[in-house]
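Engineer: This is entry.txt, which holds compact mmCIF, C-alpha atoms:
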# COMPACT_ATOMS: atom_id res chain seq x y z
CA MET A 12 13.68 -2.10 27.12
CA GLU A 13 13.38 -0.31 30.45
CA TRP A 14 9.92 1.15 31.00
CA PRO A 15 9.98 4.65 32.56
CA GLY A 16 8.69 4.81 36.11
CA LEU A 17 5.67 6.94 36.95
CA PHE A 18 6.90 7.75 40.48
CA ASP A 19 10.68 7.91 40.09
CA TYR A 20 11.30 11.59 40.94
CA PRO A 21 14.50 11.85 38.87
CA ASN A 22 15.93 14.55 41.15
CA GLY A 23 14.27 13.46 44.37
CA VAL A 24 10.97 14.79 45.69
CA SER A 25 10.80 18.41 44.61
CA SER A 26 10.48 21.13 47.22
CA GLU A 27 7.26 22.25 45.52
CA THR A 28 5.77 18.78 46.02
CA GLN A 29 6.65 18.78 49.70
CA ASP A 30 4.85 22.05 50.31
CA VAL A 31 1.55 21.48 48.48
CA PRO A 32 -1.64 20.29 50.21
CA ALA A 33 -2.31 16.57 50.11
CA VAL A 34 -5.29 17.02 47.80
CA LEU A 35 -3.02 18.61 45.16
CA LYS A 36 -0.12 16.21 45.58
CA PRO A 37 -1.19 13.87 42.71
CA ILE A 38 -0.89 16.81 40.32
CA TRP A 39 2.69 17.49 41.43
CA VAL A 40 3.57 13.81 41.28
CA VAL A 41 2.58 13.85 37.61
CA ARG A 42 4.51 17.07 37.02
CA ASP A 43 7.64 15.73 38.72
CA ASN A 44 7.52 12.68 36.44
CA SER A 45 5.95 14.33 33.41
CA THR A 46 8.17 12.56 30.88
CA ALA A 47 7.03 9.12 32.02
CA TRP A 48 3.39 10.14 32.29
CA TRP A 49 3.40 11.67 28.79
CA TYR A 50 5.05 8.54 27.44
CA TYR A 51 2.23 6.32 28.67
CA LEU A 52 -0.35 8.92 27.64
CA GLU A 53 0.96 8.79 24.06
CA LEU A 54 0.71 5.01 24.13
CA LEU A 55 -2.84 5.13 25.50
CA VAL A 56 -4.43 7.84 23.35
CA PRO A 57 -4.50 5.94 20.01
CA LEU A 58 -5.72 2.79 21.75
CA LEU A 59 -8.50 4.76 23.43
CA ALA A 60 -9.40 6.32 20.09
CA LEU A 61 -9.56 2.91 18.41
CA GLY A 62 -11.84 1.70 21.19
CA VAL A 63 -14.21 4.65 20.75
CA VAL A 64 -14.18 4.21 16.97
CA ALA A 65 -14.96 0.52 17.34
CA VAL A 66 -18.21 1.14 19.24
CA SER A 67 -19.45 3.87 16.93
CA GLY A 68 -21.39 3.68 13.72
CA ASP A 69 -20.32 7.06 12.41
CA GLY A 70 -17.27 8.03 14.49
CA PHE A 71 -19.62 10.12 16.65
CA ARG A 72 -19.38 12.73 13.90
CA PRO A 73 -22.38 12.03 11.64
CA ASP A 74 -21.59 15.10 9.52
CA TRP A 75 -18.16 13.75 8.50
CA PRO A 76 -17.89 11.52 5.43
CA HIS A 77 -16.10 8.26 6.33
CA ALA A 78 -15.41 9.54 9.85
CA ARG A 79 -14.71 6.09 11.35
CA LEU A 80 -12.18 5.25 8.66
CA LYS A 81 -10.43 8.60 8.92
CA ILE A 82 -10.04 8.45 12.69
CA ALA A 83 -8.96 4.81 12.57
CA VAL A 84 -6.23 5.68 10.08
CA VAL A 85 -4.99 8.54 12.28
CA ALA A 86 -5.00 6.26 15.33
CA LEU A 87 -3.06 3.54 13.51
CA LEU A 88 -0.57 6.16 12.29
CA ALA A 89 -0.13 7.28 15.92
CA VAL A 90 0.59 3.68 16.95
CA ILE A 91 3.19 3.32 14.18
CA LEU A 92 4.86 6.62 15.09
CA ASN A 93 4.93 5.58 18.75
CA VAL A 94 6.80 2.43 17.81
CA GLY A 95 9.25 4.29 15.60
CA PHE A 96 9.91 7.47 17.58
CA LEU A 97 9.43 6.84 21.30
CA ARG A 98 12.94 5.84 22.26
CA THR A 99 15.97 7.15 24.13
CA PRO A 100 16.40 10.02 24.90
CA LEU A 101 12.71 9.89 25.74
CA GLU A 102 12.31 13.49 26.87
CA GLY A 103 13.60 14.71 23.51
CA ARG A 104 11.44 12.28 21.52
CA LEU A 105 7.99 12.84 23.03
CA ALA A 106 7.10 15.58 20.54
CA ASP A 107 8.05 13.56 17.45
CA PRO A 108 4.77 11.58 17.11
CA SER A 109 2.58 14.30 18.62
CA VAL A 110 0.65 15.49 15.54
CA PRO A 111 -1.74 12.52 15.19
CA HIS A 112 -2.13 12.48 18.97
CA ALA A 113 -3.27 16.11 18.92
CA VAL A 114 -5.81 15.26 16.20
CA LEU A 115 -7.09 12.31 18.22
CA LEU A 116 -7.38 14.35 21.41
CA ALA A 117 -9.40 17.01 19.61
CA TRP A 118 -11.72 14.33 18.23
CA LEU A 119 -12.02 12.54 21.59
CA ALA A 120 -13.06 15.82 23.24
CA VAL A 121 -16.18 15.69 21.06
CA ALA A 122 -16.64 11.92 20.71
CA LEU A 123 -16.52 10.99 24.40
CA PRO A 124 -19.45 13.23 25.43
CA ALA A 125 -21.32 12.06 22.31
CA MET A 126 -21.11 8.47 23.56
CA PHE A 127 -23.62 9.40 26.27
CA ARG A 128 -25.86 11.88 24.46
CA ALA A 129 -25.99 10.45 20.92
CA PRO A 130 -27.22 6.85 21.05
CA ALA A 131 -27.98 6.92 17.33
CA SER A 132 -24.24 7.12 16.64
CA TRP A 133 -23.53 3.80 18.30
CA SER A 134 -22.92 0.62 16.37
CA PRO A 135 -26.21 -1.35 16.34
CA ALA A 136 -24.38 -4.49 17.46
CA LEU A 137 -23.30 -2.77 20.69
CA SER A 138 -26.38 -0.69 21.43
CA ARG A 139 -27.55 -2.98 24.23
CA TRP A 140 -24.17 -2.59 25.96
CA ARG A 141 -24.01 1.14 25.42
CA GLN A 142 -23.99 2.31 29.04
CA PRO A 143 -21.35 -0.09 30.48
CA VAL A 144 -19.06 0.23 27.46
CA ALA A 145 -19.35 4.03 27.51
CA ALA A 146 -18.58 4.05 31.22
CA ALA A 147 -15.51 1.85 30.69
CA LEU A 148 -14.14 4.05 27.90
CA ALA A 149 -14.83 7.18 29.94
CA ALA A 150 -12.93 5.64 32.86
CA VAL A 151 -9.93 5.15 30.58
CA ALA A 152 -10.26 8.76 29.43
CA VAL A 153 -10.13 10.12 32.99
CA PRO A 154 -6.36 9.58 33.51
CA VAL A 155 -5.72 10.97 30.03
CA ALA A 156 -7.59 14.15 30.92
CA PHE A 157 -5.89 14.32 34.32
CA VAL A 158 -2.37 14.03 32.87
CA LEU A 159 -3.17 16.66 30.25
CA ALA A 160 -4.55 19.05 32.84
CA ALA A 161 -1.73 18.47 35.34
CA THR A 162 1.12 18.92 32.87
CA LEU A 163 -0.26 21.60 30.56
CA THR A 164 -1.22 23.88 33.46
CA HIS A 165 2.26 23.73 35.00
CA GLY A 166 3.84 27.18 34.84
CA THR A 167 0.67 28.72 33.41
CA TYR A 168 1.18 32.04 35.21
CA ASP A 169 4.77 32.27 34.00
CA ARG A 170 3.64 31.69 30.42
CA ILE A 171 0.92 34.29 30.76
CA GLU A 172 3.40 36.75 32.25
CA ASN A 173 5.99 36.09 29.54
CA ALA A 174 3.32 36.76 26.94
CA GLY A 175 2.62 40.13 28.52
CA LEU A 176 -0.98 39.25 29.36
CA THR A 177 -0.56 40.38 32.97
CA GLU A 178 0.32 43.92 31.91
CA GLY A 179 -3.04 44.80 30.46
CA PRO A 180 -4.65 44.64 27.02
CA ARG A 181 -2.51 47.41 25.54
CA ARG A 182 0.73 45.52 26.23
CA THR A 183 -0.86 42.35 24.89
CA LEU A 184 -1.90 43.99 21.63
CA GLN A 185 1.55 45.56 21.23
CA GLY A 186 3.18 42.17 21.68
CA ALA A 187 0.85 40.55 19.15
CA ALA A 188 1.55 43.31 16.63
CA SER A 189 5.30 42.91 17.16
CA VAL A 190 5.15 39.17 16.53
CA ALA A 191 3.07 39.73 13.41
CA ARG A 192 5.59 42.26 12.07
CA THR A 193 8.47 39.90 12.77
CA LEU A 194 6.79 37.00 10.99
CA ARG A 195 6.00 39.15 7.97
CA ALA A 196 9.57 40.41 7.81
CA ASP A 197 11.17 36.99 8.21
CA TRP A 198 9.40 35.72 5.10
CA GLN A 199 10.90 38.58 3.10
CA ILE A 200 14.24 37.24 1.88
CA GLU A 201 15.64 40.77 1.68
CA SER A 202 15.39 41.12 5.47
CA TRP A 203 18.03 38.40 5.94
CA LYS A 204 20.77 40.05 3.91
CA PRO A 205 22.11 42.44 6.62
CA ARG A 206 21.88 39.91 9.47
CA THR A 207 25.16 38.82 10.99
CA GLY A 208 25.78 35.14 11.49
CA ARG A 209 23.07 34.12 9.05
CA SER A 210 23.24 30.74 7.37
CA GLU A 211 24.86 30.55 3.95
CA LEU A 212 21.75 28.67 2.83
CA ILE A 213 20.02 32.06 2.91
CA THR A 214 22.31 33.03 0.03
CA LEU A 215 21.14 29.94 -1.84
CA ALA A 216 17.51 30.91 -1.17
CA THR A 217 18.26 34.44 -2.36
CA TYR A 218 19.75 33.04 -5.55
CA LEU A 219 16.67 30.96 -6.34
CA ASN A 220 14.38 33.89 -5.56
CA ALA A 221 16.34 36.31 -7.73
CA CYS A 222 17.36 34.02 -10.57
CA THR A 223 14.38 31.80 -11.35
CA PRO A 224 10.97 32.86 -12.69
CA PRO A 225 8.18 33.17 -10.10
CA ASP A 226 6.31 30.28 -11.71
CA ALA A 227 9.37 28.01 -11.77
CA ARG A 228 9.77 24.91 -9.64
CA VAL A 229 13.08 23.65 -8.24
CA PHE A 230 14.10 20.01 -7.99
CA VAL A 231 15.83 19.42 -4.66
CA GLN A 232 17.54 16.22 -3.53
CA PRO A 233 19.03 17.10 -0.07
CA TYR A 234 16.94 17.98 2.96
CA ILE A 235 17.04 21.79 2.97
CA PRO A 236 13.33 22.78 3.22
CA GLN A 237 14.08 26.30 4.45
CA VAL A 238 15.70 27.17 1.13
CA LEU A 239 12.63 26.78 -1.07
CA ALA A 240 10.36 28.24 1.62
CA LEU A 241 12.36 31.46 1.84
CA ALA A 242 12.91 31.50 -1.94
CA ARG A 243 9.14 31.21 -2.40
CA ARG A 244 9.54 28.53 -5.03
CA PRO A 245 7.57 25.25 -5.07
CA PHE A 246 9.44 21.96 -5.25
CA ALA A 247 9.45 19.90 -8.42
CA GLY A 248 8.60 16.26 -9.04
CA GLY A 249 6.20 16.08 -6.09
CA HIS A 250 8.90 15.83 -3.39
CA ALA A 251 10.62 18.45 -1.25
CA ASP A 252 13.66 16.15 -0.94
CA LEU A 253 14.64 12.64 -2.01
CA ARG A 254 16.57 10.17 0.14
CA PRO A 255 17.69 6.61 -0.54
CA GLY A 256 15.15 4.13 0.76
CA PHE A 257 12.09 6.30 0.08
CA PHE A 258 10.08 6.46 -3.16
CA THR A 259 12.68 4.41 -5.02
CA THR A 260 10.32 1.99 -6.80
CA GLU A 261 9.97 2.18 -10.57
CA ARG A 262 6.35 3.28 -10.17
CA ASP A 263 7.34 6.15 -7.85
CA GLN A 264 10.11 7.28 -10.17
CA GLN A 265 7.85 7.16 -13.22
CA LEU A 266 5.34 9.34 -11.37
CA MET A 267 8.08 11.85 -10.56
CA LEU A 268 9.20 11.87 -14.20
CA SER A 269 5.67 12.52 -15.45
CA ARG A 270 5.53 15.54 -13.16
CA LEU A 271 8.97 16.82 -14.11
CA ARG A 272 8.18 16.64 -17.83
CA ARG A 273 5.18 18.97 -17.48
CA GLN A 274 6.68 21.39 -14.94
CA ASN A 275 8.91 24.40 -15.49
CA VAL A 276 12.10 23.29 -13.72
CA PRO A 277 15.07 25.40 -14.87
CA VAL A 278 17.41 24.28 -12.08
CA ALA A 279 17.95 21.26 -9.85
CA LEU A 280 19.88 21.07 -6.59
CA LEU A 281 21.64 17.80 -5.88
CA ALA A 282 24.05 16.84 -3.12
CA THR A 283 27.76 16.05 -3.56
CA ASP A 284 30.19 13.20 -2.86
CA ASP A 285 28.79 10.02 -1.26
CA SER A 286 25.30 11.47 -0.83
CA LEU A 287 25.08 12.14 -4.56
CA GLU A 288 26.38 8.68 -5.42
CA ASN A 289 23.79 7.08 -3.13
CA PHE A 290 21.11 9.17 -4.82
CA ARG A 291 22.22 8.02 -8.27
CA GLU A 292 22.15 4.38 -7.21
CA SER A 293 18.71 4.65 -5.59
CA PHE A 294 17.03 6.69 -8.34
CA PRO A 295 18.42 5.50 -11.69
CA LEU A 296 15.42 6.70 -13.72
CA ILE A 297 15.53 10.19 -12.20
CA THR A 298 19.28 10.55 -12.63
CA ALA A 299 19.05 9.33 -16.23
CA PHE A 300 16.48 12.06 -16.89
CA LEU A 301 18.67 14.69 -15.23
CA ASP A 302 21.76 13.54 -17.12
CA GLU A 303 19.87 13.83 -20.41
CA HIS A 304 18.24 17.21 -19.88
CA TYR A 305 20.52 19.08 -17.44
CA ASP A 306 24.15 20.21 -17.22
CA VAL A 307 26.23 20.68 -14.07
CA ARG A 308 26.94 24.40 -13.76
CA GLY A 309 28.30 24.77 -10.24
CA THR A 310 29.25 23.11 -6.96
CA ARG A 311 29.52 24.75 -3.56
CA LEU A 312 29.72 23.85 0.13
CA PHE A 313 27.27 25.84 2.27
CA ASP A 314 27.75 26.32 6.02
CA GLY A 315 30.61 23.84 5.91
CA ARG A 316 28.27 20.84 5.64
CA PHE A 317 25.75 21.22 2.80
CA GLY A 318 27.41 20.26 -0.45
CA ILE A 319 25.21 21.43 -3.34
CA THR A 320 25.56 20.64 -7.05
CA LEU A 321 23.71 23.03 -9.38
CA LEU A 322 22.14 21.48 -12.47
CA VAL A 323 20.72 23.74 -15.19
CA ARG A 324 18.26 22.63 -17.85
CA LYS A 325 19.92 22.62 -21.26
CA THR A 326 17.08 24.56 -22.83
CA ALA A 327 17.06 27.28 -20.14
CA ARG A 328 18.18 30.71 -21.37
CA SER A 329 20.68 32.41 -19.09
CA GLU A 330 20.35 36.14 -18.36
CA GLY A 331 23.29 37.29 -16.30
CA ARG A 332 24.87 35.80 -13.20
CA PHE A 333 24.25 35.94 -9.45
CA ALA A 334 27.28 37.73 -8.05
CA ASP A 335 27.40 36.12 -4.59
CA LEU A 336 27.67 32.60 -6.05
CA ASP A 337 28.72 33.31 -9.64
CA TRP A 338 25.84 31.09 -10.77
CA PRO A 339 23.64 31.78 -13.83
CA CYS A 340 20.25 33.49 -13.64
CA PHE A 341 17.10 32.60 -15.59
CA VAL A 342 14.59 35.43 -15.37
For the structure just supplied, provide its representation as structure tokens.

Structural biologist:
Amino acid sequence: MEWPGLFDYPNGVSSETQDVPAVLKPIWVVRDNSTAWWYYLELLVPLLALGVVAVSGDGFRPDWPHARLKIAVVALLAVILNVGFLRTPLEGRLADPSVPHAVLLAWLAVALPAMFRAPASWSPALSRWRQPVAAALAAVAVPVAFVLAATLTHGTYDRIENAGLTEGPRRTLQGAASVARTLRADWQIESWKPRTGRSELITLATYLNACTPPDARVFVQPYIPQVLALARRPFAGGHADLRPGFFTTERDQQLMLSRLRRQNVPVALLATDDSLENFRESFPLITAFLDEHYDVRGTRLFDGRFGITLLVRKTARSEGRFADLDWPCFV
């Protein structure tokens, strides 16, 4: 493994860095090498959080039940995600483990000041060392705060200008209203029908929305989360998708079956070809249930890469067909 350098200047020293005053140069050094600095920041944040948790008696949040345990779990999850996701190409991977890091940063923003002003929250075993330990942890937090400030403030004016905030409150409110209208429209499946170049999966979402009852769930094997979201149908069996290697134990499959037996699931969407065969090998109990209670009623390739097999529950009563796919409806 080659560790990224903090002072490498991938394209040489930037012209902006050459022109800034010496007192501001550290900020531009971080910005010129932001990928490397963020990499080490993501490694450091969960370790810092574990250190702060270790010295506390209540996670510095006395109003939270089991605060220490909750934060420790998030920090350990961040460590695991760092190990699994921070790899080449690094610049494209930095965001992958970012969710637990954001949670930890929000907690640290409250916990670090509390180390100094809330002695009652400290672990009794460390109370006599409170001041030096707090100072050491705060010293570790300083570079974290500096990297956050240096990188997140880069291009701030451009972002403000792009958001229309420099044009006065009226323009800002108009922009906010426009975004709100767009978001509301995008979640209406009808708004996608006249759009050119739209994904064929939108047709699949339209089918589920038009041809299954509003209270129905849909069993989905392949990873196509946008379909159920736009169709406004919840997933069945407790999983939005199922892939070989995940939730394949007998206990997991029995749990899925118990859910499927009590849910209204008129249709199931499985993959095709090798992906379907791998699914059948990995989930024998699920496929046995589907074979017993469902019939194959259609197969189609969407967008040239999503092969979908339609399974229909044998007891489901068909009422017409969906013209665009020639698949049965159940409403």

Engineer: Mind working out the centre and edge lengths of an axis-aligned box for region 84-96 of chain A, all listed atoms inside, 4 Å added to each side, rounded to one decimal in Å and written as lines of an AutoDock Vina configuration file?

Structural biologist:
center_x = 1.8
center_y = 5.5
center_z = 14.4
size_x = 24.1
size_y = 14.1
size_z = 16.7

Engineer: When distances are computed from all atoms listed in the file, which of A:Asn44, A:Cys222, A:Leu241, A:Ala160 shows the smallest separation from Glu201 (chain A)?

Structural biologist: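 Residue with the minimum atom-to-atom distance to Glu201 (chain A): A:Leu241.
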
Engineer: Excluding region 246-258 of chain A and residues on its chain fewer than 6 positions from it, collect all residues at most 10 Å away from it, counting only C-alpha atoms, and give them as a PyMOL selection string.

Structural biologist: chain A and resi 227-236+239-240+264+266-276+278-281+286-287+289-294+297

Engineer: Please determine, counting all atoms listed in the file, which residue among A:Asp107, A:Asp169, A:Asp302, A:Asp314 has the shortest atom-to-atom distance to Leu92 (chain A).

Structural biologist: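 Of the candidates, the smallest distance to Leu92 (chain A) is held by A:Asp107.
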
Engineer: For CA of Gly186 (chain A) and CA of Glu172 (chain A), determine how far apart the two atoms are, in Å to one decimal place.

Structural biologist: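 Atom-to-atom, CA of Gly186 (chain A) to CA of Glu172 (chain A), that is 11.9 Å.
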
Engineer: Report as JSON, numbers by chain all protein, DNA and RNA residues lying within 12 Å of Lys81 (chain A), evaluated on all atoms listed in the file, omitting residues in the same chain fewer than 6 positions from it.

Structural biologist: {"A": [60, 61, 64, 69, 70, 72, 75, 87, 88, 111, 114, 115, 118]}

Engineer: Identify which of the residues A:Thr259, A:Thr177, A:Thr326, A:Thr162 lies closest to Thr298 (chain A), counting all atoms listed in the file when measuring atom-to-atom distances.

Structural biologist: A:Thr259

Engineer: In Å, how far is it from CA of Phe313 (chain A) to CA of Ala221 (chain A)?

Structural biologist: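 Computed distance, CA of Phe313 (chain A) to CA of Ala221 (chain A), equals 18.1 Å.
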
Engineer: Check the smallest atom-to-atom distance from each of A:Glu261, A:Arg141, A:Leu336, A:Leu35 to Leu219 (chain A) using all atoms listed in the file, then report the winner.

Structural biologist: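 Residue with the minimum atom-to-atom distance to Leu219 (chain A): A:Leu336.
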
Engineer: Rounded to one decimal, what separation in Å do you get between CA of Pro37 (chain A) and CA of Ala120 (chain A)?

Structural biologist: 22.9 Å

Engineer: Can you pull out the residues contacting Leu321 (chain A)? Cut-off 6 Å, using only C-alpha atoms, and skip same-chain residues under 3 positions away; I want them as a compact mmCIF listing (two decimals) with C-alpha atoms, in the frame of the given file.

Structural biologist:
# COMPACT_ATOMS: atom_id res chain seq x y z
CA LEU A 280 19.88 21.07 -6.59
CA VAL A 307 26.23 20.68 -14.07
CA ARG A 308 26.94 24.40 -13.76
CA GLY A 309 28.30 24.77 -10.24

Engineer: Can you tell me, as a VMD selection string, which residues sit within 7 Å of (23.6, 20.6, -16.7) in the file's frame, using all atoms listed in the file?

Structural biologist: chain A and resid 305 to 308 322 to 325

Engineer: Counting only C-alpha atoms, figure out which residue out of A:Pro135, A:Pro295, A:Pro108, A:Pro57 gets nearest to Ala86 (chain A).

Structural biologist: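 Selected residue with least distance to Ala86 (chain A): A:Pro57.
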
Engineer: List the spatial neighbours of Pro130 (chain A) as a ChimeraX atom specification - criterion: any atom at most 12 Å away, only C-alpha atoms, same-chain residues fewer than 4 positions off excluded.

Structural biologist: /A:66-71,73,122-126,134-135,137-142,145

Engineer: Restricting the calculation to all atoms listed in the file, which member of A:Pro154, A:Ser132, A:Leu17, A:Ala106 is positioned closest to Ala78 (chain A)?

Structural biologist: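 Smallest distance to Ala78 (chain A) is found for A:Ser132.
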